[in-house]
Protein chains: 2
Amino acid sequence: MGKSSCSRKKEDLVCYAYDATARTYLPDAVVFPGNTEEISAILNLADSEGFFVIPRGSGSGMTGGSLAVSGGVILVMARFNRILEIDKGNLIAHVEPGVVTGHFHRAVERVGLFYPPDPSSSEFSSLGGNMAECAGGPRAVKYGVTRDYVLGLEAVLSTGEIIHTGVQTSKGVVGYDLTRLLIGSEGTLGIITKITLRLLPLPEDVKAMTAVFDKLDTAAEAVSEVIRRGIIPRTIEFMDNASIRCAESRLKIGLPVEAEALLLIEVDGKLQETETLINQLKTVCISSGATGIKIAESKEEIENLWKARKAISPALFQYAPDKINEDIVVPRSKIPDMVRKINSLKEETGLTMVSFGHAGDGNIHFNIMLDKKNKTELKKAEYAIDVLFDYTLELGGTISGEHGVGITKAAYIEKEIGSVELNLMKKIKKVFDPKGILNPGKIFPTL
Amino acid sequence: MGKSSCSRKKEDLVCYAYDATARTYLPDAVVFPGNTEEISAILNLADSEGFFVIPRGSGSGMTGGSLAVSGGVILVMARFNRILEIDKGNLIAHVEPGVVTGHFHRAVERVGLFYPPDPSSSEFSSLGGNMAECAGGPRAVKYGVTRDYVLGLEAVLSTGEIIHTGVQTSKGVVGYDLTRLLIGSEGTLGIITKITLRLLPLPEDVKAMTAVFDKLDTAAEAVSEVIRRGIIPRTIEFMDNASIRCAESRLKIGLPVEAEALLLIEVDGKLQETETLINQLKTVCISSGATGIKIAESKEEIENLWKARKAISPALFQYAPDKINEDIVVPRSKIPDMVRKINSLKEETGLTMVSFGHAGDGNIHFNIMLDKKNKTELKKAEYAIDVLFDYTLELGGTISGEHGVGITKAAYIEKEIGSVELNLMKKIKKVFDPKGILNPGKIFPTL
């Protein structure tokens, strides 16, 4: 590895000190390895010298997974940017982790294939980051999440040893499932350097519609009704009033700013099938109380709807300088309960709260907008998160559907994971990384 | 736990000394626990007294997973036979591990839902056994395998501690994926006592067809062509000539006993969709060289085809008293290569070899029929397996798609799993079961 591939200059370090949490931690150095052997050499050195190594994809993580919270070397995976093979006969692809997810989507779609996982960050997040966090996204309703599309991995252990896990086929049961142990481990068990992904044939047609509701509750009931009727759209996104206003102020595309809730529903399949499905959905939404239905008439119209949906998160800062962003999940049928709880918390605290997300799988992106310098607001926000997490778990949900634990949820992990289970996880961490040099300070409250 | 729930009588022990490998190992005792707490108490005792505990579902395993190879107590899970809840609104079910898979299929289908994993043993194998082995089955082509439908587990550790893993929702990324670490761990990491499964809406229609081929090679090429055209049937099963004869001699339903290969293809979906798909498949098969196509005209006809398919494995003993049964997987496009290799091995050794299985995902059930008392035959068979496994791995495949390693493949695991990876697995085993009391002698060549 040449000298140009490593830097300790302040101006380089600050470029890799942030992520989407808006917290910053200056690393001691940043390196840009070009292949697996270089990473192995770096970890070998880290193992003997005892410095921390923090893998980093595109730095778009929501929970601090790629931050050097205790110093150390940031391993920037950007040079691992090759799609090595798209194998149409076997419906698989071999890729490097630095490939941007959206770029990969387009590459496989050009040859008639489909990679379903689509985190909202897909235009800038990388596949490796998606693996580390087990990214989800809107299409999970029908297609599941990242783990469901990973067949095998190459990874480098903290000792510098290179391992190969899993298989290249959809079946394979030889030994323990190290592949899915690495998926979602947030860079704490190994550095992923190669990925074998499962692909599907590209659906023939996609149709989208929006349904407007006077009440958030009614929208939530409509979602439950869709599932109860056995209809599985590929996405059922929802936006509350604050989200709609946010997106509209940014994009000016005529969103219904008076509505309390908007559902954005997409279906895919054969042409005949999407036609039938969208009509069924229209009927269900109307009978559930939708006050307006609009079926998108062109690809551009669908794209605009998604632009609106994806604009919400960055546009939220118009409400306040700081954002606390959670991605709780509740069983789909419990969404109405959760919506009521959020409304009561809003009233109780007087804080600006914005909810949107993947209603189809019960995954709600809940945001509190505040000024963190205002201690009263911060305290209220912390109280609200606490109540929200407890209620999420009471409803049978989880405190993170797709963002991971990182540093922002580490203090809460014991709410969800029992001490025996957490202890098993800590011991697994020790098996993979006995000296604790890989991405320290993440997931576990103390290690 | 009452006295009636435990036995050391010889006549009871022999009932739990076998599985589908036809090897027998007499346990020291057999217990029939009725709830999680009883299992916890047994493991507590095992932990302090140092005896082995071997969990057992229906004893239909193909690799010896439920055999007491080193003595110990067989934990019969048959009393864990309740479907606790089928939750239509959230498309999930909570079940106990002793529920027979086929019984569960029918229970969810009665309320319009669908549990895709369908090992050929489904009429007698249990869901817990399916979890332990990560069972597959014909429908994996379209729907994936057991691990893709498990959301969460309750399990008892070797210390008697009870753990809860995973979530009840399709998304969930808090902490390491202990759920999928337990799935496929063959009872060596913990005893599964409760399972949360993901369900789908029941497909509206199912259609089936058979395609007859003069050459096995041509049939294999047809399978590849189906996938290349982006058609995903829910099953693509194949039978070679010996399998066809076997099934026909047993069932007498008019199977084409002169054909070198038969494909049994099933599609599902909306009525319009299955119509289109089956016609597309007919076209592809004919243009690939099928000499006869038959579309099943009734539910009974479909059922008969499956009876034929499922009759093969038990009917094989008409060829010889012993069977060596492997379930290799190769990338779908490599099936023709594997078929040629099997043919050449047949010629070289002169042994009776029968192949059938899940062509759609490259999963071939390869059987050598022999008399194990004939040392020459046995030696030839061992040579053939060795060559077959090496070639499977050379083609990018795996030596087990759904049967697991157990005792029969333990000697071969190092062909597929590297020493660093195997070492990680052994250390994980130590984390979960420090004293090595859970299902000893399985998976690892030596532990």
# chains A, B, ... in the order shown; residues from 1 in each chain; ligands from 1
call {"tool": "interface_residues", "arguments": {"of": "chain B", "to": "chain A", "cutoff": "7 Å", "atoms": "only C-alpha atoms", "output": "ChimeraX atom specification"}}
result
/B:88-90,134,144,148,163,167-177,180-181,184-185,201,224,227-228,230,330-333,361,396-398,400-402,404-405,420-421,424-425,427-428,431,443
call {"tool": "residues_around", "arguments": {"residues": "range 301-316 of chain A", "least_positions_apart": "2", "cutoff": "9 Å", "atoms": "only C-alpha atoms", "output": "PDB file with N, CA and C atoms, in the first residue's frame"}}
result
ATOM      1  N   SER A 120     -33.313   3.934   2.264  1.00  0.00           N
ATOM      2  CA  SER A 120     -33.569   5.250   1.668  1.00  0.00           C
ATOM      3  C   SER A 120     -32.285   5.963   1.284  1.00  0.00           C
ATOM      4  N   SER A 121     -31.187   5.548   1.891  1.00  0.00           N
ATOM      5  CA  SER A 121     -29.880   6.129   1.588  1.00  0.00           C
ATOM      6  C   SER A 121     -29.239   5.502   0.353  1.00  0.00           C
ATOM      7  N   LYS A 207     -46.433  -0.427 -10.171  1.00  0.00           N
ATOM      8  CA  LYS A 207     -47.445   0.633 -10.117  1.00  0.00           C
ATOM      9  C   LYS A 207     -47.431   1.244  -8.714  1.00  0.00           C
ATOM     10  N   ALA A 208     -47.795   2.533  -8.660  1.00  0.00           N
ATOM     11  CA  ALA A 208     -47.792   3.204  -7.356  1.00  0.00           C
ATOM     12  C   ALA A 208     -49.053   4.031  -7.186  1.00  0.00           C
ATOM     13  N   MET A 209     -49.463   4.216  -5.965  1.00  0.00           N
ATOM     14  CA  MET A 209     -50.615   5.072  -5.668  1.00  0.00           C
ATOM     15  C   MET A 209     -50.400   5.780  -4.340  1.00  0.00           C
ATOM     16  N   THR A 210     -51.113   6.882  -4.172  1.00  0.00           N
ATOM     17  CA  THR A 210     -51.126   7.521  -2.856  1.00  0.00           C
ATOM     18  C   THR A 210     -52.554   7.526  -2.345  1.00  0.00           C
ATOM     19  N   GLU A 237     -45.519   2.949   2.471  1.00  0.00           N
ATOM     20  CA  GLU A 237     -44.870   4.010   3.241  1.00  0.00           C
ATOM     21  C   GLU A 237     -45.926   4.943   3.792  1.00  0.00           C
ATOM     22  N   PHE A 238     -45.665   5.510   4.960  1.00  0.00           N
ATOM     23  CA  PHE A 238     -46.600   6.534   5.419  1.00  0.00           C
ATOM     24  C   PHE A 238     -45.852   7.790   5.841  1.00  0.00           C
ATOM     25  N   MET A 239     -46.543   8.921   5.721  1.00  0.00           N
ATOM     26  CA  MET A 239     -45.995  10.204   6.165  1.00  0.00           C
ATOM     27  C   MET A 239     -47.070  10.859   7.013  1.00  0.00           C
ATOM     28  N   ALA A 242     -46.625  16.525   9.483  1.00  0.00           N
ATOM     29  CA  ALA A 242     -45.365  17.279   9.521  1.00  0.00           C
ATOM     30  C   ALA A 242     -44.429  16.810   8.394  1.00  0.00           C
ATOM     31  N   SER A 243     -44.427  15.514   8.109  1.00  0.00           N
ATOM     32  CA  SER A 243     -43.580  14.987   7.033  1.00  0.00           C
ATOM     33  C   SER A 243     -44.048  15.495   5.677  1.00  0.00           C
ATOM     34  N   ILE A 244     -45.372  15.486   5.485  1.00  0.00           N
ATOM     35  CA  ILE A 244     -45.924  15.946   4.201  1.00  0.00           C
ATOM     36  C   ILE A 244     -45.531  17.404   3.959  1.00  0.00           C
ATOM     37  N   ARG A 245     -45.703  18.217   4.983  1.00  0.00           N
ATOM     38  CA  ARG A 245     -45.369  19.644   4.871  1.00  0.00           C
ATOM     39  C   ARG A 245     -43.876  19.828   4.555  1.00  0.00           C
ATOM     40  N   CYS A 246     -43.080  19.069   5.258  1.00  0.00           N
ATOM     41  CA  CYS A 246     -41.638  19.115   5.088  1.00  0.00           C
ATOM     42  C   CYS A 246     -41.238  18.849   3.639  1.00  0.00           C
ATOM     43  N   ALA A 247     -41.742  17.728   3.113  1.00  0.00           N
ATOM     44  CA  ALA A 247     -41.401  17.326   1.750  1.00  0.00           C
ATOM     45  C   ALA A 247     -41.943  18.345   0.749  1.00  0.00           C
ATOM     46  N   GLU A 248     -43.171  18.825   0.980  1.00  0.00           N
ATOM     47  CA  GLU A 248     -43.780  19.765   0.043  1.00  0.00           C
ATOM     48  C   GLU A 248     -43.017  21.091   0.015  1.00  0.00           C
ATOM     49  N   SER A 249     -42.614  21.578   1.190  1.00  0.00           N
ATOM     50  CA  SER A 249     -41.911  22.857   1.232  1.00  0.00           C
ATOM     51  C   SER A 249     -40.606  22.752   0.448  1.00  0.00           C
ATOM     52  N   ARG A 250     -40.038  21.566   0.404  1.00  0.00           N
ATOM     53  CA  ARG A 250     -38.767  21.383  -0.293  1.00  0.00           C
ATOM     54  C   ARG A 250     -38.974  21.179  -1.793  1.00  0.00           C
ATOM     55  N   LEU A 251     -40.015  20.419  -2.157  1.00  0.00           N
ATOM     56  CA  LEU A 251     -40.128  19.977  -3.557  1.00  0.00           C
ATOM     57  C   LEU A 251     -41.225  20.671  -4.356  1.00  0.00           C
ATOM     58  N   ILE A 253     -44.469  19.869  -5.105  1.00  0.00           N
ATOM     59  CA  ILE A 253     -45.067  19.007  -6.130  1.00  0.00           C
ATOM     60  C   ILE A 253     -46.557  18.786  -5.872  1.00  0.00           C
ATOM     61  N   LEU A 255     -48.222  18.153  -2.793  1.00  0.00           N
ATOM     62  CA  LEU A 255     -48.646  17.162  -1.796  1.00  0.00           C
ATOM     63  C   LEU A 255     -49.768  17.761  -0.953  1.00  0.00           C
ATOM     64  N   LEU A 264     -48.064   5.894   0.709  1.00  0.00           N
ATOM     65  CA  LEU A 264     -47.487   5.725  -0.625  1.00  0.00           C
ATOM     66  C   LEU A 264     -47.312   4.217  -0.813  1.00  0.00           C
ATOM     67  N   GLU A 266     -46.767   0.835  -3.310  1.00  0.00           N
ATOM     68  CA  GLU A 266     -46.230   0.388  -4.596  1.00  0.00           C
ATOM     69  C   GLU A 266     -46.467  -1.109  -4.722  1.00  0.00           C
ATOM     70  N   ALA A 296     -50.473   6.752  -9.733  1.00  0.00           N
ATOM     71  CA  ALA A 296     -49.437   7.416 -10.538  1.00  0.00           C
ATOM     72  C   ALA A 296     -49.553   6.943 -11.986  1.00  0.00           C
ATOM     73  N   GLU A 297     -49.462   7.896 -12.903  1.00  0.00           N
ATOM     74  CA  GLU A 297     -49.707   7.533 -14.300  1.00  0.00           C
ATOM     75  C   GLU A 297     -48.449   7.363 -15.135  1.00  0.00           C
ATOM     76  N   SER A 298     -47.319   7.717 -14.546  1.00  0.00           N
ATOM     77  CA  SER A 298     -46.078   7.568 -15.321  1.00  0.00           C
ATOM     78  C   SER A 298     -44.931   7.235 -14.382  1.00  0.00           C
ATOM     79  N   LYS A 299     -43.846   6.808 -14.982  1.00  0.00           N
ATOM     80  CA  LYS A 299     -42.652   6.496 -14.217  1.00  0.00           C
ATOM     81  C   LYS A 299     -42.144   7.751 -13.486  1.00  0.00           C
ATOM     82  N   GLN A 318     -35.583  22.043   8.953  1.00  0.00           N
ATOM     83  CA  GLN A 318     -36.281  23.318   8.927  1.00  0.00           C
ATOM     84  C   GLN A 318     -37.049  23.551  10.225  1.00  0.00           C
ATOM     85  N   TYR A 319     -37.315  22.455  10.967  1.00  0.00           N
ATOM     86  CA  TYR A 319     -38.061  22.577  12.222  1.00  0.00           C
ATOM     87  C   TYR A 319     -37.167  22.961  13.395  1.00  0.00           C
ATOM     88  N   ALA A 320     -35.931  22.481  13.393  1.00  0.00           N
ATOM     89  CA  ALA A 320     -35.041  22.719  14.536  1.00  0.00           C
ATOM     90  C   ALA A 320     -33.626  22.300  14.145  1.00  0.00           C
ATOM     91  N   PRO A 321     -32.626  22.769  14.874  1.00  0.00           N
ATOM     92  CA  PRO A 321     -31.241  22.455  14.479  1.00  0.00           C
ATOM     93  C   PRO A 321     -30.849  21.004  14.741  1.00  0.00           C
ATOM     94  N   LYS A 323     -31.833  16.735  15.576  1.00  0.00           N
ATOM     95  CA  LYS A 323     -32.820  15.686  15.327  1.00  0.00           C
ATOM     96  C   LYS A 323     -32.443  14.456  16.135  1.00  0.00           C
ATOM     97  N   VAL A 354     -41.980  14.148  14.361  1.00  0.00           N
ATOM     98  CA  VAL A 354     -42.354  13.836  12.988  1.00  0.00           C
ATOM     99  C   VAL A 354     -42.220  12.325  12.801  1.00  0.00           C
ATOM    100  N   PHE A 356     -42.693   9.053  10.039  1.00  0.00           N
ATOM    101  CA  PHE A 356     -42.922   8.559   8.688  1.00  0.00           C
ATOM    102  C   PHE A 356     -42.259   7.191   8.641  1.00  0.00           C
ATOM    103  N   GLY A 357     -42.361   6.534   7.526  1.00  0.00           N
ATOM    104  CA  GLY A 357     -41.626   5.276   7.450  1.00  0.00           C
ATOM    105  C   GLY A 357     -42.348   4.171   6.755  1.00  0.00           C
ATOM    106  N   ASN A 367     -39.028  10.940  14.687  1.00  0.00           N
ATOM    107  CA  ASN A 367     -38.027  11.997  14.848  1.00  0.00           C
ATOM    108  C   ASN A 367     -38.495  13.052  15.832  1.00  0.00           C
ATOM    109  N   MET A 369     -37.536  16.814  16.791  1.00  0.00           N
ATOM    110  CA  MET A 369     -36.738  17.951  16.344  1.00  0.00           C
ATOM    111  C   MET A 369     -36.584  18.905  17.534  1.00  0.00           C
TER     112      MET A 369
END
call {"tool": "select_by_dssp", "arguments": {"residues": "range 27-121 of chain B", "states": "helix (DSSP H, G or I)", "output": "list in words"}}
result
Thr36, Glu37, Glu38, Ile39, Ser40, Ala41, Ile42, Leu43, Asn44, Leu45, Ala46, Asp47, Ser48, Glu49, Thr101, Gly102, His103, Phe104, His105, Arg106, Ala107, Val108, Glu109 and Arg110 of chain B
call {"tool": "select_by_dssp", "arguments": {"residues": "range 95-301 of chain A", "states": "strand (DSSP E)", "output": "NGL selection string"}}
result
:A and (95 or 113-114 or 150-156 or 162-166 or 191-198 or 200-201 or 205-213 or 235-240 or 261-269 or 292-295)
call {"tool": "write_last_selection", "arguments": {"atoms": "N, CA and C atoms", "output": "short mmCIF file (atom, residue, chain, number, x, y, z; two decimals), in the first residue's frame"}}
result
data_model
loop_
_atom_site.label_atom_id
_atom_site.label_comp_id
_atom_site.auth_asym_id
_atom_site.auth_seq_id
_atom_site.Cartn_x
_atom_site.Cartn_y
_atom_site.Cartn_z
N VAL A 95 -19.77 -9.03 -5.40
CA VAL A 95 -19.47 -7.61 -5.36
C VAL A 95 -18.49 -7.29 -4.24
N LEU A 113 -32.36 -8.13 -13.89
CA LEU A 113 -32.37 -8.72 -12.55
C LEU A 113 -32.73 -7.67 -11.50
N PHE A 114 -32.85 -8.11 -10.25
CA PHE A 114 -33.43 -7.26 -9.22
C PHE A 114 -32.77 -7.57 -7.89
N VAL A 150 -28.05 -12.28 1.22
CA VAL A 150 -26.62 -12.55 1.29
C VAL A 150 -26.39 -14.05 1.37
N LEU A 151 -25.60 -14.57 0.46
CA LEU A 151 -25.32 -16.01 0.47
C LEU A 151 -23.97 -16.31 1.11
N GLY A 152 -23.00 -15.44 0.86
CA GLY A 152 -21.67 -15.71 1.39
C GLY A 152 -20.85 -14.44 1.50
N LEU A 153 -19.82 -14.51 2.31
CA LEU A 153 -18.98 -13.34 2.55
C LEU A 153 -17.50 -13.73 2.59
N GLU A 154 -16.66 -12.79 2.23
CA GLU A 154 -15.24 -12.86 2.58
C GLU A 154 -15.05 -11.76 3.62
N ALA A 155 -14.30 -12.06 4.68
CA ALA A 155 -14.10 -11.04 5.71
C ALA A 155 -12.71 -11.21 6.32
N VAL A 156 -12.22 -10.13 6.90
CA VAL A 156 -10.93 -10.19 7.59
C VAL A 156 -11.18 -10.08 9.09
N ILE A 162 -8.04 -14.16 6.96
CA ILE A 162 -9.13 -13.97 6.00
C ILE A 162 -10.06 -15.18 6.06
N ILE A 163 -11.36 -14.93 6.22
CA ILE A 163 -12.30 -16.05 6.25
C ILE A 163 -13.30 -15.96 5.10
N HIS A 164 -13.85 -17.13 4.76
CA HIS A 164 -14.91 -17.22 3.75
C HIS A 164 -16.09 -17.91 4.41
N THR A 165 -17.24 -17.28 4.35
CA THR A 165 -18.42 -17.87 4.99
C THR A 165 -19.50 -18.14 3.95
N GLY A 166 -20.42 -19.05 4.31
CA GLY A 166 -21.59 -19.28 3.49
C GLY A 166 -21.31 -20.00 2.20
N ILE A 191 -14.09 -7.39 9.07
CA ILE A 191 -14.24 -6.41 8.00
C ILE A 191 -14.66 -7.15 6.74
N ILE A 192 -15.86 -6.88 6.25
CA ILE A 192 -16.36 -7.58 5.06
C ILE A 192 -15.64 -7.05 3.83
N THR A 193 -15.07 -7.97 3.03
CA THR A 193 -14.29 -7.54 1.86
C THR A 193 -14.86 -8.06 0.53
N LYS A 194 -15.76 -9.01 0.59
CA LYS A 194 -16.39 -9.50 -0.63
C LYS A 194 -17.76 -10.06 -0.25
N ILE A 195 -18.73 -9.94 -1.17
CA ILE A 195 -20.10 -10.33 -0.86
C ILE A 195 -20.69 -11.11 -2.02
N THR A 196 -21.34 -12.24 -1.73
CA THR A 196 -22.12 -12.94 -2.76
C THR A 196 -23.59 -12.71 -2.46
N LEU A 197 -24.28 -12.09 -3.42
CA LEU A 197 -25.68 -11.73 -3.22
C LEU A 197 -26.61 -12.55 -4.10
N ARG A 198 -27.78 -12.83 -3.59
CA ARG A 198 -28.82 -13.53 -4.32
C ARG A 198 -29.67 -12.47 -5.05
N LEU A 200 -33.07 -11.61 -7.90
CA LEU A 200 -34.35 -12.12 -8.43
C LEU A 200 -34.51 -11.60 -9.86
N PRO A 201 -35.39 -12.21 -10.63
CA PRO A 201 -35.73 -11.60 -11.92
C PRO A 201 -36.42 -10.25 -11.67
N ASP A 205 -43.57 -5.21 -14.03
CA ASP A 205 -44.24 -3.90 -13.93
C ASP A 205 -44.29 -3.43 -12.49
N VAL A 206 -44.28 -2.11 -12.33
CA VAL A 206 -44.44 -1.49 -11.01
C VAL A 206 -45.53 -0.43 -11.12
N LYS A 207 -46.43 -0.43 -10.17
CA LYS A 207 -47.44 0.63 -10.12
C LYS A 207 -47.43 1.24 -8.71
N ALA A 208 -47.79 2.53 -8.66
CA ALA A 208 -47.79 3.20 -7.36
C ALA A 208 -49.05 4.03 -7.19
N MET A 209 -49.46 4.22 -5.96
CA MET A 209 -50.61 5.07 -5.67
C MET A 209 -50.40 5.78 -4.34
N THR A 210 -51.11 6.88 -4.17
CA THR A 210 -51.13 7.52 -2.86
C THR A 210 -52.55 7.53 -2.34
N ALA A 211 -52.68 7.44 -1.03
CA ALA A 211 -53.99 7.52 -0.39
C ALA A 211 -53.89 8.55 0.72
N VAL A 212 -54.82 9.49 0.72
CA VAL A 212 -54.81 10.59 1.69
C VAL A 212 -55.82 10.30 2.80
N PHE A 213 -55.44 10.61 4.03
CA PHE A 213 -56.33 10.34 5.17
C PHE A 213 -56.44 11.58 6.07
N THR A 235 -44.26 -1.96 -1.19
CA THR A 235 -44.01 -0.94 -0.17
C THR A 235 -45.33 -0.38 0.32
N ILE A 236 -45.41 -0.06 1.59
CA ILE A 236 -46.50 0.77 2.13
C ILE A 236 -45.82 1.79 3.04
N GLU A 237 -45.52 2.95 2.47
CA GLU A 237 -44.87 4.01 3.24
C GLU A 237 -45.93 4.94 3.79
N PHE A 238 -45.66 5.51 4.96
CA PHE A 238 -46.60 6.53 5.42
C PHE A 238 -45.85 7.79 5.84
N MET A 239 -46.54 8.92 5.72
CA MET A 239 -46.00 10.20 6.17
C MET A 239 -47.07 10.86 7.01
N ASP A 240 -46.68 11.43 8.14
CA ASP A 240 -47.66 12.19 8.91
C ASP A 240 -47.69 13.64 8.39
N ALA A 261 -52.39 12.30 7.14
CA ALA A 261 -51.51 11.19 6.75
C ALA A 261 -51.63 10.87 5.27
N LEU A 262 -50.52 10.39 4.75
CA LEU A 262 -50.46 10.00 3.34
C LEU A 262 -49.83 8.62 3.29
N LEU A 263 -50.44 7.72 2.54
CA LEU A 263 -49.79 6.42 2.30
C LEU A 263 -49.28 6.41 0.87
N LEU A 264 -48.06 5.89 0.71
CA LEU A 264 -47.49 5.73 -0.62
C LEU A 264 -47.31 4.22 -0.81
N ILE A 265 -48.11 3.67 -1.71
CA ILE A 265 -48.13 2.21 -1.86
C ILE A 265 -47.64 1.82 -3.25
N GLU A 266 -46.77 0.83 -3.31
CA GLU A 266 -46.23 0.39 -4.60
C GLU A 266 -46.47 -1.11 -4.72
N VAL A 267 -46.84 -1.55 -5.89
CA VAL A 267 -46.98 -3.00 -6.14
C VAL A 267 -46.11 -3.36 -7.34
N ASP A 268 -45.70 -4.62 -7.39
CA ASP A 268 -44.96 -5.06 -8.58
C ASP A 268 -45.35 -6.48 -8.95
N GLY A 269 -44.96 -6.87 -10.14
CA GLY A 269 -45.30 -8.21 -10.63
C GLY A 269 -45.55 -8.18 -12.12
N GLY A 292 -58.86 10.56 -0.42
CA GLY A 292 -58.40 10.81 -1.79
C GLY A 292 -57.42 9.72 -2.21
N ILE A 293 -57.55 9.26 -3.46
CA ILE A 293 -56.67 8.23 -3.99
C ILE A 293 -56.12 8.75 -5.30
N LYS A 294 -54.84 8.54 -5.52
CA LYS A 294 -54.27 8.94 -6.81
C LYS A 294 -53.33 7.83 -7.28
N ILE A 295 -53.62 7.30 -8.47
CA ILE A 295 -52.73 6.27 -9.02
C ILE A 295 -51.74 6.97 -9.96
#
call {"tool": "residues_around", "arguments": {"residues": "range 58-65 of chain A", "least_positions_apart": "6", "cutoff": "6 Å", "atoms": "only C-alpha atoms", "output": "list in words"}}
result
Asp19, Ala20, Thr21, Ser125, Ser126, His403, Gly406, Ile407 and Thr408 of chain A
call {"tool": "closest_residue", "arguments": {"among": "A:Val99, A:Ala259, A:Ile324, A:Leu370", "to": "Leu84 in chain A", "atoms": "only C-alpha atoms"}}
result
A:Val99
call {"tool": "residues_around", "arguments": {"residues": "Val69 in chain B", "least_positions_apart": "6", "cutoff": "10 Å", "atoms": "only C-alpha atoms", "output": "PDB file with C-alpha atoms, in the first residue's frame"}}
result
ATOM      1  CA  ALA B  17     -31.904 -45.226  19.098  1.00  0.00           C
ATOM      2  CA  ARG B  23     -27.502 -46.365  12.293  1.00  0.00           C
ATOM      3  CA  THR B  24     -28.402 -47.103  15.898  1.00  0.00           C
ATOM      4  CA  TYR B  25     -26.946 -45.924  19.184  1.00  0.00           C
ATOM      5  CA  LEU B  26     -28.638 -46.860  22.424  1.00  0.00           C
ATOM      6  CA  PRO B  27     -29.051 -43.861  24.759  1.00  0.00           C
ATOM      7  CA  PHE B  52     -24.920 -35.656  27.568  1.00  0.00           C
ATOM      8  CA  ILE B  54     -29.458 -35.010  22.775  1.00  0.00           C
ATOM      9  CA  ILE B 407     -22.146 -37.631  12.048  1.00  0.00           C
ATOM     10  CA  ASN B 439     -25.478 -33.266  21.266  1.00  0.00           C
ATOM     11  CA  PRO B 440     -21.813 -34.318  21.316  1.00  0.00           C
ATOM     12  CA  GLY B 441     -20.056 -35.836  18.325  1.00  0.00           C
ATOM     13  CA  LYS B 442     -21.984 -33.859  15.723  1.00  0.00           C
TER      14      LYS B 442
END
call {"tool": "residues_around", "arguments": {"residues": "Glu377 in chain A", "least_positions_apart": "6", "cutoff": "10 Å", "atoms": "only C-alpha atoms", "output": "list in words"}}
result
Thr349, Gly350, Leu351, Ile368, Met369, Leu370, Asp371 and Tyr383 of chain A
